[in-house]
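start.txt follows; it contains compact mmCIF, C-alpha atoms.
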```
# COMPACT_ATOMS: atom_id res chain seq x y z
CA MET A 1 16.99 -11.51 31.55
CA ASP A 2 13.92 -10.03 33.18
CA ASN A 3 10.89 -8.80 31.25
CA GLU A 4 11.49 -5.11 31.96
CA LYS A 5 15.04 -5.31 30.64
CA LYS A 6 13.81 -7.10 27.49
CA THR A 7 11.19 -4.40 27.01
CA VAL A 8 13.69 -1.57 27.47
CA GLU A 9 16.11 -3.19 25.02
CA ALA A 10 13.29 -3.48 22.47
CA GLN A 11 12.32 0.17 23.04
CA LEU A 12 15.92 1.34 22.62
CA ASP A 13 16.68 -1.15 19.85
CA ARG A 14 19.96 -2.10 21.56
CA SER A 15 21.32 -3.89 24.61
CA VAL A 16 21.58 -1.98 27.84
CA ARG A 17 25.10 -1.61 29.22
CA SER A 18 24.37 -1.81 32.94
CA ASP A 19 21.82 -2.85 35.49
CA ILE A 20 18.70 -0.72 35.26
CA ASN A 21 15.70 0.05 37.42
CA VAL A 22 12.43 1.18 35.88
CA THR A 23 11.29 4.33 37.69
CA THR A 24 8.33 5.38 35.55
CA LYS A 25 5.77 3.43 33.51
CA CYS A 26 3.08 4.40 31.01
CA HIS A 27 -0.63 3.60 30.83
CA PHE A 28 0.28 0.22 29.23
CA ASN A 29 2.54 -0.57 32.21
CA LEU A 30 5.64 -0.32 29.99
CA PRO A 31 8.88 1.40 31.01
CA VAL A 32 9.15 5.13 30.28
CA VAL A 33 12.21 6.06 32.38
CA ILE A 34 15.02 3.91 33.74
CA LYS A 35 17.56 4.69 36.44
CA VAL A 36 21.12 4.03 35.34
CA PRO A 37 24.15 3.75 37.66
CA PRO A 38 26.91 6.41 37.49
CA ASN A 39 29.25 3.88 35.87
CA LEU A 40 28.29 1.34 33.21
CA ASP A 41 29.31 -2.32 33.50
CA ASP A 42 32.60 -1.63 31.69
CA GLY A 43 33.41 1.24 34.10
CA THR A 44 32.52 4.03 31.67
CA PRO A 45 31.29 7.10 33.59
CA PHE A 46 27.64 7.81 32.75
CA PRO A 47 26.34 11.24 33.79
CA THR A 48 22.69 10.60 32.93
CA SER A 49 20.96 9.02 35.94
CA TYR A 50 17.50 8.87 34.35
CA TRP A 51 17.17 7.67 30.76
CA LEU A 52 14.04 8.13 28.65
CA THR A 53 13.05 4.84 26.98
CA CYS A 54 9.55 5.67 25.77
CA PRO A 55 9.47 5.92 21.94
CA MET A 56 6.56 8.39 22.04
CA TYR A 57 8.36 10.82 24.33
CA ASN A 58 11.66 10.34 22.50
CA LYS A 59 9.98 11.20 19.21
CA LYS A 60 8.20 14.26 20.57
CA VAL A 61 11.21 15.61 22.48
CA GLY A 62 13.44 15.08 19.45
CA SER A 63 11.04 17.26 17.49
CA LEU A 64 11.23 19.99 20.14
CA GLU A 65 15.03 19.87 20.07
CA SER A 66 15.15 20.03 16.28
CA HIS A 67 12.92 23.12 16.39
CA GLY A 68 15.29 24.99 18.72
CA MET A 69 13.78 24.47 22.16
CA ILE A 70 17.18 23.98 23.84
CA LYS A 71 18.33 27.36 22.56
CA GLU A 72 15.04 28.96 23.64
CA LEU A 73 15.23 27.48 27.15
CA ASP A 74 18.88 28.52 27.50
CA LYS A 75 17.72 32.05 26.66
CA GLN A 76 14.98 31.79 29.29
CA LEU A 77 17.57 30.70 31.88
CA LYS A 78 19.45 33.94 31.24
CA GLU A 79 16.32 36.11 31.39
CA ASN A 80 14.29 34.41 34.13
CA LYS A 81 16.10 34.48 37.49
CA LYS A 82 13.62 32.09 39.18
CA LEU A 83 13.89 29.51 36.39
CA TYR A 84 17.69 29.78 36.50
CA GLU A 85 17.70 29.25 40.28
CA LEU A 86 15.46 26.17 39.97
CA TRP A 87 17.58 24.78 37.12
CA ASN A 88 20.83 25.42 38.99
CA GLU A 89 19.51 23.85 42.21
CA ARG A 90 18.49 20.73 40.32
CA GLN A 91 21.83 20.57 38.52
CA ASP A 92 23.56 20.53 41.92
CA SER A 93 21.18 18.09 43.62
CA TYR A 94 21.23 15.75 40.60
CA LYS A 95 25.03 15.63 40.72
CA GLU A 96 25.00 15.05 44.49
CA GLU A 97 22.45 12.23 44.16
CA ARG A 98 24.45 10.59 41.37
CA ASP A 99 27.79 11.04 43.16
CA SER A 100 26.39 9.45 46.34
CA GLU A 101 25.98 6.21 44.37
CA ASN A 102 29.63 6.10 43.30
CA LYS A 103 31.51 3.15 44.75
CA GLY A 104 34.71 5.13 45.35
CA ASP A 105 37.01 3.31 42.95
CA GLN A 106 35.22 4.53 39.83
CA ILE A 107 35.60 7.63 37.70
CA VAL A 108 32.97 10.14 38.79
CA PRO A 109 30.81 11.50 35.96
CA SER A 110 30.73 15.27 35.76
CA GLY A 111 28.00 17.87 35.43
CA GLY A 112 24.35 17.85 36.34
CA VAL A 113 21.42 16.60 34.27
CA GLY A 114 22.82 14.86 31.20
CA GLY A 115 26.34 15.90 32.19
CA ALA A 116 25.65 19.57 31.47
CA LYS A 117 27.50 22.22 33.41
CA GLU A 118 26.63 25.65 32.03
CA SER A 119 23.61 25.19 29.77
CA ILE A 120 20.89 22.75 28.83
CA LYS A 121 22.35 19.81 26.94
CA CYS A 122 19.48 17.39 26.37
CA LEU A 123 15.73 17.83 26.79
CA HIS A 124 15.30 14.05 26.91
CA ALA A 125 17.41 13.92 30.09
CA HIS A 126 15.46 16.77 31.71
CA LEU A 127 12.13 15.14 30.89
CA ALA A 128 13.30 11.76 32.19
CA ASP A 129 14.45 13.41 35.42
CA GLU A 130 11.12 15.23 35.82
CA LEU A 131 9.08 12.08 35.17
CA ALA A 132 11.17 10.11 37.69
CA THR A 133 11.60 12.72 40.43
CA GLU A 134 9.26 15.68 39.85
CA LYS A 135 12.21 17.97 40.71
CA ASN A 136 13.15 19.35 37.28
CA ALA A 137 11.74 22.76 36.24
CA VAL A 138 13.10 22.46 32.68
CA GLY A 139 11.71 18.92 32.44
CA LYS A 140 8.33 20.21 33.58
CA ILE A 141 8.32 22.77 30.74
CA VAL A 142 9.17 19.99 28.29
CA LEU A 143 6.40 17.78 29.70
CA GLU A 144 3.89 20.62 29.34
CA SER A 145 5.02 21.02 25.72
CA VAL A 146 4.66 17.36 24.76
CA GLY A 147 1.64 16.40 26.85
CA GLY A 148 0.80 13.06 28.39
CA PHE A 149 0.72 9.57 27.02
CA ASN A 150 -1.47 9.23 23.94
CA CYS A 151 -0.54 5.88 22.43
CA GLU A 152 -3.51 3.73 21.50
CA GLU A 153 -1.40 0.56 21.26
CA PRO A 154 1.63 -0.49 23.31
CA CYS A 155 4.98 0.26 21.64
CA ILE A 156 6.29 -3.24 22.43
CA ASP A 157 4.33 -6.45 21.88
CA GLU A 158 4.09 -9.53 24.10
CA ASN A 159 7.14 -11.05 22.33
CA TYR A 160 9.35 -8.05 23.21
CA LYS A 161 9.34 -6.77 19.64
CA LYS A 162 8.35 -3.36 18.34
CA ASN A 163 4.58 -3.34 17.83
CA ILE A 164 3.89 -2.63 14.15
CA LYS A 165 0.47 -1.20 15.14
CA TRP A 166 2.04 1.38 17.47
CA LYS A 167 1.88 5.03 16.57
CA SER A 168 1.96 8.26 18.44
CA LYS A 169 -0.17 11.34 17.92
CA TRP A 170 1.40 14.75 18.28
```
As a first step, turn the structure in this file into structure tokens.
Amino acid sequence: MDNEKKTVEAQLDRSVRSDINVTTKCHFNLPVVIKVPPNLDDGTPFPTSYWLTCPMYNKKVGSLESHGMIKELDKQLKENKKLYELWNERQDSYKEERDSENKGDQIVPSGGVGGAKESIKCLHAHLADELATEKNAVGKIVLESVGGFNCEEPCIDENYKKNIKWKSKW
């Protein structure tokens, strides 16, 4: 198993279920976002092409979600025509990009970012997509809300274990 995969598994606290490619790294050169194929190793369709692995971002985005940001952004999509157009364009292009990777004999995942079809489903998925591609207007709003990397210690140590000294500032 390569070092990046070991690091990602330590960040996620579980084994990954497919091949992965790291698309984005932090200031400690650790994975932040991974690219996942449209079908996992067991054939399960997986609609989320870009997966957020960074514990700092996961913690911060989870806080935004628990404070109602998905509902607020869904409201903005209804009220802001330009934001809706950008979101809808990315939903379509994300699906097209993911579907182009399908090997033909597999079940095609549905929806756009995070599998969503008519509303925002997961801010983590939008942020991961923005960090990997810089094409996601909703992800950009999330990034502006959480800020950049601010860890003073790496989240994973040299033995691929969670670093007990790691902490994130909000």
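In this comparison, which uses only C-alpha atoms, the residue of A:Asn163, A:Ser18, A:Ser145, A:Thr133 approaching Thr44 in chain A most closely is A:Ser18.
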- Item | Given only C-alpha atoms as the counted atoms, nearest of A:Glu144, A:Glu97, A:Glu158, A:Glu118 to Pro47 in chain A | A:Glu97
- Message: Env of Pro154 in chain A: 8 Å cut, atoms = all atoms listed in the file, seq-sep filter 2 positions within chain, self excluded. Answer as a PyMOL selection string.
- Response: chain A and resi 28+30+151-152+156-157+163+166
Selected residues, C-alpha atoms, written as a PDB file, keeping the file's coordinate frame, please.
```pdb
ATOM      1  CA  PHE A  28       0.280   0.220  29.230  1.00  0.00           C
ATOM      2  CA  LEU A  30       5.640  -0.320  29.990  1.00  0.00           C
ATOM      3  CA  CYS A 151      -0.540   5.880  22.430  1.00  0.00           C
ATOM      4  CA  GLU A 152      -3.510   3.730  21.500  1.00  0.00           C
ATOM      5  CA  ILE A 156       6.290  -3.240  22.430  1.00  0.00           C
ATOM      6  CA  ASP A 157       4.330  -6.450  21.880  1.00  0.00           C
ATOM      7  CA  ASN A 163       4.580  -3.340  17.830  1.00  0.00           C
ATOM      8  CA  TRP A 166       2.040   1.380  17.470  1.00  0.00           C
TER       9      TRP A 166
END
```
8 Å per side around range 30-42 of chain A: axis-aligned box centre and edge lengths, as AutoDock Vina command-line options:
```
--center_x 19.1 --center_y 2.0 --center_z 33.8 --size_x 43.0 --size_y 24.7 --size_z 23.7
```
For Ile107 in chain A, please output as an mmCIF file with C-alpha atoms, keeping the file's coordinate frame all residues within 12 Å (counting all atoms listed in the file; exclusion window: fewer than 3 positions along the same chain).
```
data_model
loop_
_atom_site.group_PDB
_atom_site.id
_atom_site.type_symbol
_atom_site.label_atom_id
_atom_site.label_comp_id
_atom_site.auth_asym_id
_atom_site.auth_seq_id
_atom_site.Cartn_x
_atom_site.Cartn_y
_atom_site.Cartn_z
ATOM 1 C CA PRO A 38 26.910 6.410 37.490
ATOM 2 C CA ASN A 39 29.250 3.880 35.870
ATOM 3 C CA LEU A 40 28.290 1.340 33.210
ATOM 4 C CA ASP A 42 32.600 -1.630 31.690
ATOM 5 C CA GLY A 43 33.410 1.240 34.100
ATOM 6 C CA THR A 44 32.520 4.030 31.670
ATOM 7 C CA PRO A 45 31.290 7.100 33.590
ATOM 8 C CA PHE A 46 27.640 7.810 32.750
ATOM 9 C CA PRO A 47 26.340 11.240 33.790
ATOM 10 C CA ASP A 99 27.790 11.040 43.160
ATOM 11 C CA GLU A 101 25.980 6.210 44.370
ATOM 12 C CA ASN A 102 29.630 6.100 43.300
ATOM 13 C CA LYS A 103 31.510 3.150 44.750
ATOM 14 C CA GLY A 104 34.710 5.130 45.350
ATOM 15 C CA SER A 110 30.730 15.270 35.760
#
```
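Taking all atoms listed in the file into account, Thr7 in chain A lies nearest to A:Thr53 out of the set A:Asn150, A:Thr24, A:Gln76, A:Thr53.
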- Task: State, in Å with one decimal place, the distance from CA of Glu130 in chain A to CA of Ile34 in chain A.
- Result: 12.2 Å
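You will find CA of Glu153 in chain A at 15.7 Å from CA of Lys59 in chain A.
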- Between CA of Asn21 in chain A and CA of Ala128 in chain A, distance in Å (one decimal): 13.0 Å
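Neighbours of Ala10 in chain A closer than or equal to 8 Å, with only C-alpha atoms counted and sequence neighbours fewer than 3 positions away skipped, come out as Lys6, Thr7, Asp13, Arg14, Ile156, Tyr160, Lys161 and Lys162 of chain A.
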- If you count only C-alpha atoms, which residues fall within 8 Å of Met56 in chain A, apart from same-chain ones fewer than 2 positions away, as a PyMOL selection string? chain A and resi 54+58-60+149+151+167-168
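Near (24.8, 19.3, 39.0), the residues inside the 9 Å limit, counting all atoms listed in the file, come to Asn88, Glu89, Arg90, Gln91, Asp92, Ser93, Tyr94, Lys95, Glu96, Ser110, Gly111, Gly112, Val113, Gly115, Ala116 and Lys117 of chain A.
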The selected residues should be written to file as a PDB file, keeping the file's coordinate frame (atoms: C-alpha atoms).
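Just written: again.pdb:
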```pdb
ATOM      1  CA  ASN A  88      20.830  25.420  38.990  1.00  0.00           C
ATOM      2  CA  GLU A  89      19.510  23.850  42.210  1.00  0.00           C
ATOM      3  CA  ARG A  90      18.490  20.730  40.320  1.00  0.00           C
ATOM      4  CA  GLN A  91      21.830  20.570  38.520  1.00  0.00           C
ATOM      5  CA  ASP A  92      23.560  20.530  41.920  1.00  0.00           C
ATOM      6  CA  SER A  93      21.180  18.090  43.620  1.00  0.00           C
ATOM      7  CA  TYR A  94      21.230  15.750  40.600  1.00  0.00           C
ATOM      8  CA  LYS A  95      25.030  15.630  40.720  1.00  0.00           C
ATOM      9  CA  GLU A  96      25.000  15.050  44.490  1.00  0.00           C
ATOM     10  CA  SER A 110      30.730  15.270  35.760  1.00  0.00           C
ATOM     11  CA  GLY A 111      28.000  17.870  35.430  1.00  0.00           C
ATOM     12  CA  GLY A 112      24.350  17.850  36.340  1.00  0.00           C
ATOM     13  CA  VAL A 113      21.420  16.600  34.270  1.00  0.00           C
ATOM     14  CA  GLY A 115      26.340  15.900  32.190  1.00  0.00           C
ATOM     15  CA  ALA A 116      25.650  19.570  31.470  1.00  0.00           C
ATOM     16  CA  LYS A 117      27.500  22.220  33.410  1.00  0.00           C
TER      17      LYS A 117
END
```
Would you kindly return, as a PDB file with C-alpha atoms, in the frame of the given file, each protein, DNA or RNA residue with an atom no farther than 12 Å from any atom of Lys78 in chain A, considering all atoms listed in the file and excluding same-chain residues fewer than 3 positions away?
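File result-v1.pdb, as written:
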```
ATOM      1  CA  LYS A  71      18.330  27.360  22.560  1.00  0.00           C
ATOM      2  CA  GLU A  72      15.040  28.960  23.640  1.00  0.00           C
ATOM      3  CA  LEU A  73      15.230  27.480  27.150  1.00  0.00           C
ATOM      4  CA  ASP A  74      18.880  28.520  27.500  1.00  0.00           C
ATOM      5  CA  LYS A  75      17.720  32.050  26.660  1.00  0.00           C
ATOM      6  CA  LYS A  81      16.100  34.480  37.490  1.00  0.00           C
ATOM      7  CA  LYS A  82      13.620  32.090  39.180  1.00  0.00           C
ATOM      8  CA  LEU A  83      13.890  29.510  36.390  1.00  0.00           C
ATOM      9  CA  TYR A  84      17.690  29.780  36.500  1.00  0.00           C
ATOM     10  CA  GLU A  85      17.700  29.250  40.280  1.00  0.00           C
ATOM     11  CA  TRP A  87      17.580  24.780  37.120  1.00  0.00           C
ATOM     12  CA  ASN A  88      20.830  25.420  38.990  1.00  0.00           C
ATOM     13  CA  GLU A 118      26.630  25.650  32.030  1.00  0.00           C
ATOM     14  CA  SER A 119      23.610  25.190  29.770  1.00  0.00           C
ATOM     15  CA  ILE A 120      20.890  22.750  28.830  1.00  0.00           C
TER      16      ILE A 120
END
```
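Nearest residue to Asp19 in chain A, choosing from A:Val32, A:Gln106, A:His124, A:Pro37 and counting all atoms listed in the file: A:Pro37.
Using only C-alpha atoms, the smallest distance between any of A:Val61, A:Val36, A:Leu77, A:Ile141 and Cys122 in chain A comes from A:Val61.
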- Message: Counting all atoms listed in the file, which residue out of A:Thr48, A:Asn3, A:Asn29, A:Thr23 sits closest to Arg98 in chain A?
- Response: A:Thr48
